Each structure stands twice: as C-alpha cells, then as structure tokens.
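Trainee: What follows is a structure written as structure tokens; I'll ask about it next.
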Amino acid sequence: MEVMAFLRLTEVLRLLLLMFSQGSPACSKFMSANSYANGVVRAPAEPPLPPGGDRRPLPWEPNSPGPMFDPSPPQNVTALKDDIAYLHCIVHNRGNKTVSWIRVSDLHILTVAQYTYTADDRFEVIHSPDSNSQSWVLKINSVQPRDSGRYECQVNTHPTDPITFPVYLFVFVPMARILGSAERYVDRGSTINLTCIINFNPESPTENFWFHNNKVINYDNRDSRVSVITDRGSVTKTILLIHDAHDAATGTYSCVPSLSTTASVRIHILNGETPAAMQTNGASGTVRILRWWQFLDVLTTTTVPATAAAAAAAAVLSYTLTFHHTFVPI
C-alpha cells in the first residue's frame, strides 16, 4: 500500500517537472539553470541600475513614488493691484489623482481638475491635458489686496490627507507721497523743494511726471529754472526743484508716477507776509488777509463789557504794530 502511494507521488513529481521544463516560457525561465541549481531556487536577478542613479522602484513595489510636486515654481508671488497673478504648480506622477487649488484663508475650493468651483470669475486654472502637461496654473485676474494670503495646490493622494504645495500671494498697492505738510509757504525768490517717495512697488515706475495746476511741468528745457532728480529702485525718490520762485509758482503740485497713486501739495508764495498771520480756508485752500476795520466792526456791533472792548482794542493795536504788513488799509 505504501509502495503504491510512493509510486504515485513519484509520477506526480515527474509530471510537474515536465510541465515546468516544457510548459510556459516563464516557468521554463524560472526552472532554468540561472534560477534553479543543486535543488535550490535562486531569487530573480535585480534589474540593472540606470546610469548614474539608484534603481527606480517598480510601480507595484510599496516604495514606488506617487504624485510629487516639482519644487522649482516660486512659492512667493508678488503682484500689483488690478494686475494678473499667476500661481504655478507642477505635479509629477499624477496618475489618476486630481489636482485642486485651495484658498487657505477661508478654505474655499477654487478649482478642481480643470473646473472652477467659485462664483468669483476672476479665478481660473490653466492646464493643457492634450499635451500631457504636468503644470497647473491658478490665474487670478485683477488681483486686489484682499486676495493676499496662502494658496495650496493639492493632490488627493489620501481622502483626508492630500499632499499640498503652498504658494503665498502678496498684492501691493503702489503709493506716492510728498514729504512734508500738504500746504506750504515759500518766500518769493527762494527755491521750492518737493520730494516724492513711491513705495510698495516691486517694480520701479517707468515714468514719473510732476504737474503744476494739472499741467505737466517741462523740466527738459535747459534754460528752465526747474530741475528734477530721480533715484530709482524698490523705493523710488524724485525731487522737484524750482529756483527763484515767483507769484506764478503758486498753486497745486502733483507727483504722478506710473502704476501708482497721485500725491499733491499746495504752495503759497509769500511777498513779505508771515504765514502765522494768514488764515487758510481748508475747503478751498485760499488765503485771506485780515483787515483791521473788519475786526473793529465786530467790536462795535457786538455788546461786550467796556473792559473787554478796551482789552481787544489794545490787542489789535499791538498786533498791528507787530505785523503791520499783514493788515491792509481800507
């Protein structure tokens, strides 16, 4: 009985050996001399290493790379107000995963694949599937300061824990300001010196103009008493110099750089007046000269005690003696 069982087992082993040796090419290769010798099964040979690098894991191996972000796109993006901002994201080995853009400030989903999921039509994604592109660009038209913040390019490698590539957007509002007060008094014959600073501008303004009463100042004329000194950079400074100022120099001066707001000041030319004795009408910017008879008219038409009237008259007399050039006669 045992002999018969042993003979049958021997026949089964022979049959299996015959199948492996003459069967499928894979079985024949597995049982070849390179894989089977002296009754010991050898492991398959490792695939050759690529030149200059480690062996790339095969797709079915547990350590094979999944979707990966390219670190080359900038993660800090600056844009001027009302310009177009582009946020770049490059994904390798995406496979069948989905790429999305998220605004982190309110966790708002902006785009999923090639579709826009926001009512704000300023947002769109740029991707070309026909060219097998790995680039996913978030385009924001007419950017505003409120758009500044962190954005994330996400790939849904895990339902609750996607991989992310953060991009920070900074929206600048270029501003121009003229140093000093908004209203100034300059003696006749002296030099008007106005310094305009243009900041919050990542790009140096290509052009800068000075205006006087809404007219462009021509400072290219060699015989002109007007000159301009400009120092360009991340913060641009331009200085307007008007020599030998006269009455015609009175008015509003404006610094008008490209890609920036406008700054203005008001200049008054003094012909011997003292600014402290001048009243400025804030609404119209006009200067009025006090007349002594107008002040006395107030005293005579107003019921005031005699002592108060006498004190006021003495003050008028003292003021007239001190600033006699400020008052004009009838």
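A note on labels: chains of the structure tokens are A, B, ... as shown, every chain counts residues from 1, and ligands are counted from 1 in their shown order.
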Which polymer residues have any atom within 6 Å of an atom of range 168-184 of chain A, counting only C-alpha atoms, with same-chain residues fewer than 4 positions away left out, as number ranges by chain?
Mentor: A: 75-81, 145, 148-150, 195-201, 260-263, 265-267
Trainee: Rank nothing, just name the residue among A:Asp220, A:Arg94, A:Tyr253, A:Phe211 nearest to Thr157 in chain A, using only C-alpha atoms.
Mentor: A:Arg94
Trainee: Applying 7 Å and only C-alpha atoms, which residues near range 124-138 of chain A remain after dropping the ones on its own chain fewer than 5 positions away? List them as a ChimeraX atom specification.
Mentor: /A:86-92,111,114,116
Trainee: Apply DSSP to the structure's backbone, then extract all residues of range 57-279 of chain A labelled helix (DSSP H, G or I) and return them as a ChimeraX atom specification.
Mentor: /A:129-131,145-147,247-249,275-277
Trainee: Take the residues from that selection and write them out as a compact mmCIF listing (two decimals), in the first residue's frame, keeping N, CA, C and O atoms.
Mentor:
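Ended up saving to out_29.txt:
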# COMPACT_ATOMS: atom_id res chain seq x y z
N PRO A 129 -4.45 69.36 -21.05
CA PRO A 129 -4.39 67.89 -20.97
C PRO A 129 -3.94 67.24 -22.27
O PRO A 129 -3.39 66.14 -22.25
N ASP A 130 -4.18 67.90 -23.40
CA ASP A 130 -3.81 67.29 -24.68
C ASP A 130 -2.30 67.12 -24.82
O ASP A 130 -1.83 66.18 -25.45
N SER A 131 -1.55 68.01 -24.20
CA SER A 131 -0.09 67.93 -24.31
C SER A 131 0.53 67.16 -23.15
O SER A 131 1.75 67.18 -22.97
N PRO A 145 -5.94 93.72 -2.90
CA PRO A 145 -5.24 93.44 -1.65
C PRO A 145 -5.87 92.33 -0.83
O PRO A 145 -5.18 91.58 -0.14
N ARG A 146 -7.19 92.17 -0.91
CA ARG A 146 -7.86 91.11 -0.15
C ARG A 146 -7.49 89.72 -0.65
O ARG A 146 -7.73 88.72 0.05
N ASP A 147 -6.91 89.63 -1.85
CA ASP A 147 -6.51 88.33 -2.38
C ASP A 147 -5.18 87.85 -1.80
O ASP A 147 -4.78 86.71 -2.03
N ASP A 247 5.36 134.69 -8.12
CA ASP A 247 3.93 134.54 -7.88
C ASP A 247 3.30 133.45 -8.75
O ASP A 247 2.36 132.77 -8.33
N ALA A 248 3.79 133.30 -9.97
CA ALA A 248 3.21 132.29 -10.87
C ALA A 248 3.45 130.87 -10.37
O ALA A 248 2.79 129.94 -10.84
N ALA A 249 4.38 130.70 -9.43
CA ALA A 249 4.66 129.36 -8.91
C ALA A 249 3.63 128.93 -7.87
O ALA A 249 3.65 127.78 -7.42
N PRO A 275 3.37 133.62 7.48
CA PRO A 275 2.36 132.54 7.46
C PRO A 275 1.54 132.48 8.72
O PRO A 275 0.36 132.15 8.68
N ALA A 276 2.11 132.81 9.87
CA ALA A 276 1.36 132.72 11.12
C ALA A 276 0.22 133.71 11.16
O ALA A 276 -0.74 133.54 11.92
N ALA A 277 0.30 134.78 10.37
CA ALA A 277 -0.75 135.79 10.38
C ALA A 277 -1.76 135.58 9.28
O ALA A 277 -2.60 136.42 9.05
Trainee: Enter the distance from CA of Val226 in chain A to CA of Ile192 in chain A, in Å, rounded to one decimal.
Mentor: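 That distance, rounded to one decimal, is 9.4 Å.
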Trainee: Identify which of the residues A:Trp210, A:Tyr185, A:Phe165, A:Tyr151 lies closest to Leu107 in chain A, counting only C-alpha atoms when measuring atom-to-atom distances.
Mentor: A:Tyr151
Trainee: So what do you get for CA of Asn208 in chain A versus CA of Thr230 in chain A, distance-wise?
Mentor: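 About the pair CA of Asn208 in chain A and CA of Thr230 in chain A: they are 8.9 Å apart.
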Trainee: What is the distance, in Å and to one decimal place, between CA of Tyr115 in chain A and CA of Ser100 in chain A?
Mentor: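 Between CA of Tyr115 in chain A and CA of Ser100 in chain A the gap works out to 9.2 Å.
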